[in-house]
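Just start-v4.txt here, compact mmCIF, C-alpha atoms:
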```txt
# COMPACT_ATOMS: atom_id res chain seq x y z
CA MET X 174 -201.15 -8.01 -155.83
CA ASN X 175 -200.44 -8.77 -152.17
CA GLY X 176 -202.31 -12.05 -151.81
CA LEU X 177 -202.82 -15.26 -153.75
CA GLU X 178 -205.88 -17.47 -153.36
CA PHE X 179 -206.00 -21.05 -154.58
CA THR X 180 -207.61 -24.43 -153.97
CA ALA X 181 -205.79 -27.47 -152.53
CA GLY X 182 -207.19 -30.56 -150.88
CA GLY X 183 -210.75 -29.38 -151.45
CA ARG X 184 -210.15 -26.19 -149.44
CA ARG X 185 -209.48 -22.55 -150.25
CA TRP X 186 -206.20 -21.00 -149.14
CA ARG X 187 -204.70 -17.53 -149.14
CA ALA X 188 -200.96 -16.84 -149.25
CA ASP X 189 -199.63 -13.50 -148.03
CA LEU X 190 -197.19 -12.39 -150.73
CA THR X 191 -196.07 -9.36 -148.71
CA ALA X 192 -194.22 -11.45 -146.13
CA PRO X 193 -191.74 -13.76 -147.91
CA ALA X 194 -189.30 -15.82 -145.86
CA ASP X 195 -186.12 -16.58 -147.79
CA LEU X 196 -184.58 -19.93 -146.79
CA ALA X 197 -181.52 -19.63 -149.03
CA ILE X 198 -178.12 -18.97 -147.49
CA VAL X 199 -176.44 -16.07 -149.26
CA LEU X 200 -173.24 -17.37 -150.83
CA GLU X 201 -170.65 -14.75 -149.95
CA PHE X 202 -167.78 -15.40 -152.35
CA ASN X 203 -165.46 -13.13 -150.39
CA GLY X 204 -166.76 -13.92 -146.92
CA ALA X 205 -167.78 -16.70 -144.57
CA GLN X 206 -169.74 -19.45 -146.31
CA PRO X 207 -171.03 -22.93 -145.49
CA SER X 208 -169.24 -25.97 -146.86
CA PHE X 209 -169.56 -29.74 -146.89
CA PHE X 210 -167.19 -32.45 -148.10
CA VAL X 211 -164.67 -29.94 -149.49
CA ALA X 212 -162.00 -27.70 -148.00
CA THR X 213 -161.84 -25.24 -150.91
CA PRO X 214 -164.42 -22.43 -150.68
CA ALA X 215 -166.52 -21.15 -153.56
CA SER X 216 -164.66 -18.34 -155.28
CA SER X 217 -165.10 -15.42 -157.66
CA GLU X 218 -162.63 -13.56 -159.84
CA PRO X 219 -162.88 -11.06 -162.71
CA LEU X 220 -163.16 -12.46 -166.21
CA ARG X 221 -159.92 -11.98 -168.11
CA ILE X 222 -159.88 -12.00 -171.94
CA GLY X 223 -156.99 -10.39 -173.73
CA GLY X 224 -156.60 -6.94 -172.28
CA PHE X 225 -160.03 -6.96 -170.64
CA THR X 226 -160.39 -7.60 -166.90
CA GLY X 227 -163.98 -7.55 -165.69
CA SER X 228 -163.60 -5.22 -162.73
CA VAL X 229 -164.73 -1.59 -162.71
CA ALA X 230 -162.53 -1.02 -159.66
CA ASN X 231 -159.55 -1.95 -161.84
CA GLY X 232 -160.58 0.33 -164.69
CA ALA X 233 -162.92 -1.88 -166.73
CA SER X 234 -166.14 -0.53 -168.21
CA CYS X 235 -168.22 -3.16 -166.40
CA ASN X 236 -168.02 -5.92 -163.85
CA CYS X 237 -167.98 -9.47 -165.20
CA ALA X 238 -166.92 -12.29 -162.89
CA VAL X 239 -166.24 -16.01 -163.13
CA HIS X 240 -167.69 -17.93 -160.19
CA SER X 241 -166.40 -21.33 -159.11
CA LEU X 242 -168.49 -23.55 -156.86
CA ALA X 243 -169.74 -27.09 -156.32
CA PRO X 244 -173.52 -26.80 -155.80
CA HIS X 245 -173.64 -29.90 -153.58
CA CYS X 246 -170.92 -28.50 -151.32
CA HIS X 247 -171.31 -24.73 -151.25
CA GLY X 248 -174.57 -23.23 -150.06
CA THR X 249 -178.26 -23.84 -150.62
CA HIS X 250 -178.91 -26.13 -153.57
CA THR X 251 -181.63 -28.32 -155.12
CA GLU X 252 -180.78 -31.74 -156.46
CA CYS X 253 -182.58 -34.43 -158.41
CA ILE X 254 -182.28 -38.18 -158.85
CA GLY X 255 -179.40 -37.65 -161.28
CA HIS X 256 -177.27 -37.14 -158.16
CA VAL X 257 -177.10 -40.93 -157.65
CA THR X 258 -177.65 -42.43 -161.12
CA ARG X 259 -175.50 -43.10 -164.17
CA ASN X 260 -178.33 -41.82 -166.39
CA PRO X 261 -178.08 -38.05 -166.90
CA VAL X 262 -181.10 -36.46 -165.20
CA THR X 263 -181.01 -32.68 -164.75
CA VAL X 264 -182.80 -30.21 -162.50
CA ALA X 265 -183.63 -28.24 -165.64
CA SER X 266 -185.71 -31.16 -166.90
CA LEU X 267 -187.73 -31.30 -163.64
CA THR X 268 -188.21 -27.59 -163.01
CA PRO X 269 -189.83 -25.12 -162.83
CA VAL X 270 -192.37 -26.52 -160.40
CA ALA X 271 -195.61 -24.90 -159.31
CA PRO X 272 -195.74 -23.31 -155.84
CA CYS X 273 -197.17 -25.80 -153.36
CA VAL X 274 -198.39 -26.17 -149.80
CA ALA X 275 -195.45 -26.87 -147.51
CA LEU X 276 -195.24 -27.88 -143.87
CA VAL X 277 -192.43 -26.47 -141.73
CA VAL X 278 -191.45 -28.66 -138.77
CA SER X 279 -188.69 -28.46 -136.17
CA VAL X 280 -186.94 -31.71 -135.21
CA GLN X 281 -184.39 -32.52 -132.53
CA PRO X 282 -181.90 -35.13 -133.82
CA GLU X 283 -181.20 -37.99 -131.42
CA PRO X 284 -178.17 -40.24 -130.86
CA LEU X 285 -178.36 -43.40 -132.93
CA GLY X 286 -177.39 -45.48 -129.92
CA ALA X 287 -177.68 -49.24 -129.98
CA ALA X 288 -179.50 -49.11 -133.33
CA ALA X 289 -176.10 -48.59 -134.97
CA ALA X 290 -175.37 -52.25 -134.56
CA GLY X 291 -178.49 -53.18 -136.52
CA LEU X 292 -177.78 -51.08 -139.59
CA PRO X 293 -176.51 -52.99 -142.65
CA SER X 294 -173.27 -51.02 -142.71
CA VAL X 295 -170.20 -50.50 -140.57
CA HIS X 296 -170.47 -46.83 -141.44
CA ALA X 297 -172.49 -45.81 -138.39
CA ALA X 298 -171.69 -45.10 -134.76
CA ALA X 299 -173.76 -44.97 -131.57
CA GLU X 300 -172.96 -41.27 -131.11
CA ASP X 301 -174.23 -40.29 -134.58
CA LEU X 302 -177.14 -37.86 -134.44
CA VAL X 303 -180.07 -39.03 -136.56
CA ILE X 304 -183.63 -38.10 -137.50
CA ARG X 305 -186.12 -40.94 -137.07
CA ARG X 306 -189.56 -41.57 -138.50
CA ALA X 307 -191.21 -41.10 -135.10
CA ALA X 308 -189.65 -37.65 -134.68
CA LEU X 309 -190.98 -36.46 -138.05
CA ALA X 310 -194.45 -37.90 -137.41
CA ALA X 311 -194.64 -36.25 -133.98
CA ALA X 312 -193.49 -32.87 -135.29
CA ALA X 313 -196.09 -32.96 -138.08
CA SER X 314 -198.96 -34.41 -136.03
CA THR X 315 -200.95 -31.15 -135.75
CA TRP X 316 -201.13 -30.70 -139.54
CA LEU X 317 -201.58 -34.24 -140.88
CA ALA X 318 -204.99 -33.43 -142.35
CA ALA X 319 -203.58 -30.59 -144.46
CA PRO X 320 -202.78 -31.13 -148.18
CA PHE X 321 -199.06 -30.39 -148.03
CA THR X 322 -196.82 -31.92 -150.70
CA ALA X 323 -193.59 -30.34 -149.47
CA VAL X 324 -191.86 -30.49 -146.10
CA VAL X 325 -189.29 -28.06 -144.71
CA ILE X 326 -187.23 -29.47 -141.84
CA ARG X 327 -185.46 -27.26 -139.29
CA THR X 328 -183.06 -29.18 -137.04
CA LEU X 329 -182.49 -28.09 -133.46
CA PRO X 330 -180.57 -26.32 -132.11
CA ASN X 331 -180.94 -23.70 -134.83
CA GLY X 332 -177.86 -21.50 -134.41
CA THR X 333 -177.28 -18.77 -136.97
CA ASP X 334 -173.78 -20.19 -137.50
CA LYS X 335 -175.44 -22.66 -139.88
CA ARG X 336 -175.16 -19.87 -142.44
CA HIS X 337 -171.39 -20.32 -142.58
CA ARG X 338 -170.69 -23.64 -140.85
CA ALA X 339 -168.01 -25.94 -142.26
CA TYR X 340 -169.30 -29.50 -141.95
CA SER X 341 -166.09 -31.48 -141.67
CA GLY X 342 -163.70 -33.16 -139.28
CA SER X 343 -165.38 -36.53 -138.73
CA PRO X 344 -167.20 -39.29 -140.65
CA SER X 345 -170.47 -37.85 -139.31
CA PRO X 346 -170.08 -34.08 -138.77
CA THR X 347 -173.81 -33.42 -139.04
CA PRO X 348 -177.10 -35.20 -138.26
CA TYR X 349 -178.61 -37.37 -140.98
CA PHE X 350 -181.87 -39.14 -141.80
CA LEU X 351 -182.57 -42.80 -141.25
CA PRO X 352 -184.26 -44.49 -144.23
CA GLU X 353 -187.37 -44.97 -142.08
CA ALA X 354 -187.77 -41.17 -141.91
CA MET X 355 -187.70 -41.02 -145.69
CA GLN X 356 -190.30 -43.79 -145.78
CA TRP X 357 -192.66 -41.55 -143.80
CA LEU X 358 -192.20 -38.72 -146.31
CA VAL X 359 -192.76 -41.09 -149.23
CA GLU X 360 -195.96 -42.42 -147.67
CA ARG X 361 -197.18 -38.83 -147.33
CA GLY X 362 -196.52 -38.20 -151.05
CA ILE X 363 -193.91 -35.51 -150.42
CA ASP X 364 -192.16 -34.58 -153.67
CA SER X 365 -190.23 -31.52 -152.49
CA LEU X 366 -188.09 -31.73 -149.37
CA VAL X 367 -186.12 -28.81 -147.92
CA VAL X 368 -183.60 -29.43 -145.13
CA ASP X 369 -181.05 -27.32 -143.29
CA LEU X 370 -178.47 -30.12 -143.41
CA PRO X 371 -175.83 -30.55 -146.12
CA SER X 372 -177.00 -34.08 -146.94
CA LEU X 373 -179.83 -36.49 -146.21
CA ASP X 374 -177.21 -39.16 -145.51
CA ARG X 375 -174.20 -39.62 -143.27
CA ALA X 376 -171.10 -37.92 -144.69
CA ASP X 377 -169.31 -41.26 -144.80
CA ASP X 378 -171.87 -44.01 -145.26
CA GLY X 379 -169.81 -46.24 -147.51
CA GLY X 380 -171.45 -44.90 -150.64
CA ARG X 381 -174.88 -46.36 -149.89
CA LEU X 382 -176.83 -43.03 -149.79
CA ALA X 383 -179.68 -45.04 -148.32
CA ALA X 384 -181.87 -42.06 -147.40
CA HIS X 385 -181.51 -40.51 -150.85
CA ARG X 386 -182.43 -43.78 -152.53
CA GLU X 387 -185.39 -44.34 -150.20
CA TYR X 388 -186.72 -40.86 -150.96
CA TRP X 389 -186.42 -41.35 -154.74
CA GLY X 390 -187.83 -44.87 -154.64
CA LEU X 391 -184.60 -46.32 -155.95
CA PRO X 392 -183.65 -49.90 -154.97
CA PRO X 393 -180.58 -50.22 -152.69
CA GLY X 394 -177.40 -49.99 -154.71
CA SER X 395 -179.18 -49.16 -157.96
CA ASP X 396 -177.79 -46.40 -160.18
CA ASP X 397 -180.46 -46.74 -162.88
CA ALA X 398 -182.89 -43.81 -162.91
CA ALA X 399 -185.44 -45.96 -164.77
CA GLN X 400 -185.81 -48.10 -161.64
CA ALA X 401 -186.89 -45.16 -159.48
CA SER X 402 -190.56 -44.90 -158.56
CA ARG X 403 -190.22 -41.21 -157.54
CA GLY X 404 -187.77 -39.85 -160.07
CA GLN X 405 -189.56 -36.49 -160.22
CA ALA X 406 -188.99 -35.65 -156.53
CA LEU X 407 -186.62 -32.83 -155.53
CA VAL X 408 -184.39 -32.33 -152.50
CA THR X 409 -183.10 -28.96 -151.33
CA GLU X 410 -180.19 -29.05 -148.88
CA LEU X 411 -178.16 -26.53 -146.87
CA ALA X 412 -181.10 -24.17 -146.45
CA TYR X 413 -181.55 -22.10 -143.30
CA VAL X 414 -184.95 -21.76 -141.61
CA PRO X 415 -184.98 -18.65 -139.37
CA ASP X 416 -186.55 -18.95 -135.93
CA ALA X 417 -189.07 -16.30 -136.99
CA VAL X 418 -190.60 -18.89 -139.35
CA ALA X 419 -192.91 -20.80 -137.02
CA ASP X 420 -193.80 -24.43 -137.56
CA GLY X 421 -196.92 -24.70 -139.71
CA LEU X 422 -198.25 -24.33 -143.25
CA TYR X 423 -196.84 -22.08 -145.96
CA LEU X 424 -196.79 -21.66 -149.71
CA LEU X 425 -193.39 -22.79 -151.04
CA ASP X 426 -191.95 -21.16 -154.16
CA LEU X 427 -188.86 -23.16 -155.11
CA GLN X 428 -186.67 -21.08 -157.41
CA VAL X 429 -184.12 -23.14 -159.37
CA PRO X 430 -182.05 -21.93 -162.35
CA ALA X 431 -182.11 -23.96 -165.56
CA PHE X 432 -178.91 -25.92 -165.00
CA GLY X 433 -178.29 -28.96 -167.18
CA ALA X 434 -176.86 -30.71 -164.14
CA ASP X 435 -178.05 -32.91 -161.29
CA ALA X 436 -177.96 -29.96 -158.87
CA ALA X 437 -178.07 -26.18 -158.91
CA PRO X 438 -177.92 -23.34 -156.39
CA SER X 439 -181.49 -22.52 -155.41
CA ARG X 440 -183.73 -20.21 -153.42
CA PRO X 441 -186.71 -21.69 -151.53
CA VAL X 442 -189.11 -18.92 -150.47
CA LEU X 443 -192.03 -19.37 -148.06
CA TYR X 444 -195.19 -17.27 -147.83
CA PRO X 445 -197.55 -17.37 -144.82
CA LEU X 446 -200.66 -19.40 -145.56
CA GLN X 447 -204.20 -19.31 -144.14
CA SER X 448 -207.20 -21.51 -144.80
CA ILE X 449 -210.25 -19.61 -146.02
CA PRO X 450 -213.46 -20.78 -144.27
CA GLY X 451 -216.08 -22.41 -146.45
CA ASP X 452 -216.03 -25.07 -149.13
CA ALA X 453 -213.93 -24.67 -152.25
CA THR X 454 -215.85 -23.77 -155.39
```
Rendering of file as structure tokens:
Amino acid sequence: MNGLEFTAGGRRWRADLTAPADLAIVLEFNGAQPSFFVATPASSEPLRIGGFTGSVANGASCNCAVHSLAPHCHGTHTECIGHVTRNPVTVASLTPVAPCVALVVSVQPEPLGAAAAGLPSVHAAAEDLVIRRAALAAAASTWLAAPFTAVVIRTLPNGTDKRHRAYSGSPSPTPYFLPEAMQWLVERGIDSLVVDLPSLDRADDGGRLAAHREYWGLPPGSDDAAQASRGQALVTELAYVPDAVADGLYLLDLQVPAFGADAAPSRPVLYPLQSIPGDAT
């Protein structure tokens, strides 16, 4: 099978399964890798039990490694509302999810400027780069009539060094989303968001995580998952959207392992999508 046809929004669509675009950053345990919030890289070493060492190169019958990583900090990962609540909510309980129509948009972050003074926190600076509601709405304007329930956001510039960039060195080493941008996504009914940033929020925002809470419909400061109006929504961070993936509509297949945790390494895959003329039957 090289194509998949389905109905969404009262229209017929066809996804080209022969041309997948992988948005996951390969986590090279022994090479350059992206990182956020931590200085220690993800690591891998042979399993050692008694006289067994899981390395064929060292004489073992098979390779068997122990990998150490923090999903939120090392590479592409998908997280759920359990990231900010005291109630245990796991990605395993919210996945797998069906493939869905996704919109890819490119956005240029802008300096926060004078708006920093109006934010209810001292954890913001005029030189911070942010993504505003207006920027998202403008980038998506051509496709607003389409039935997308996922959004993939590529920030500009889109250097390939994102695949191994260490986001550190300042309270705001990377652009972040203003809550108003999350409000736009919520109003659109987006329940799967993929970004090429390590976090929706400023690295040091005083613990507010305002964009995360806005996206999940969680009141400011609340850590009770029962209070969330969008507790089923998923966020995928530290993805990489190649330049070859043009802005527009795709079929998103979000691949997440069954981790009993609030986050897990993941692999978002896009397939080119075309509308089929005629009414859906």
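Closest approach to Ala197 in chain X among X:Ala298, X:Ala399, X:Val367, X:Leu446 is made by X:Val367 (distances from only C-alpha atoms).
Residue nearest Cys253 in chain X within the list X:Val229, X:Ala323, X:Ala339, X:Leu407: X:Leu407 [criterion: smallest interatomic distance, only C-alpha atoms].
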Checklist entry - Out of X:Pro320, X:Pro392, X:Pro441, X:Gly204, which residue has the shortest atom-to-atom distance to Leu411 in chain X when counting only C-alpha atoms? => result X:Pro441
Checklist entry - Nearest to Ala318 in chain X: which of X:Ala233, X:Ala181, X:Glu300, X:Gly176 is it, counting only C-alpha atoms? => result X:Ala181
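For the set X:Ser365, X:Ser216, X:Thr180, X:Thr249, the residue with the smallest atom-to-atom gap to Val414 in chain X is X:Thr249, counting all atoms listed in the file.
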Checklist entry - Any idea what's packed within 8 Å of Val442 in chain X, counting only C-alpha atoms, ignoring anything in its chain fewer than 5 positions away? Could you give it as an MDAnalysis selection string? => result chainID X and resid 193:197 425:428
Next on the checklist: Report, in Å with one decimal, the straight-line distance from CA of Glu360 in chain X to CA of Val324 in chain X.
Outcome noted: 12.7 Å
Checklist outcome for this item: Pairwise distance, CA of Leu329 in chain X with CA of Ala417 in chain X, equals 14.0 Å
Next on the checklist: What's the separation between CA of Val429 in chain X and CA of Phe321 in chain X, in Å to one decimal place?
Outcome noted: 20.1 Å
Checklist entry - List as a PyMOL selection string: which residues have an atom within 9 Å of (-178.1, -40.0, -159.1), counting all atoms listed in the file? => result chain X and resi 253-262+385-386+396-398+435
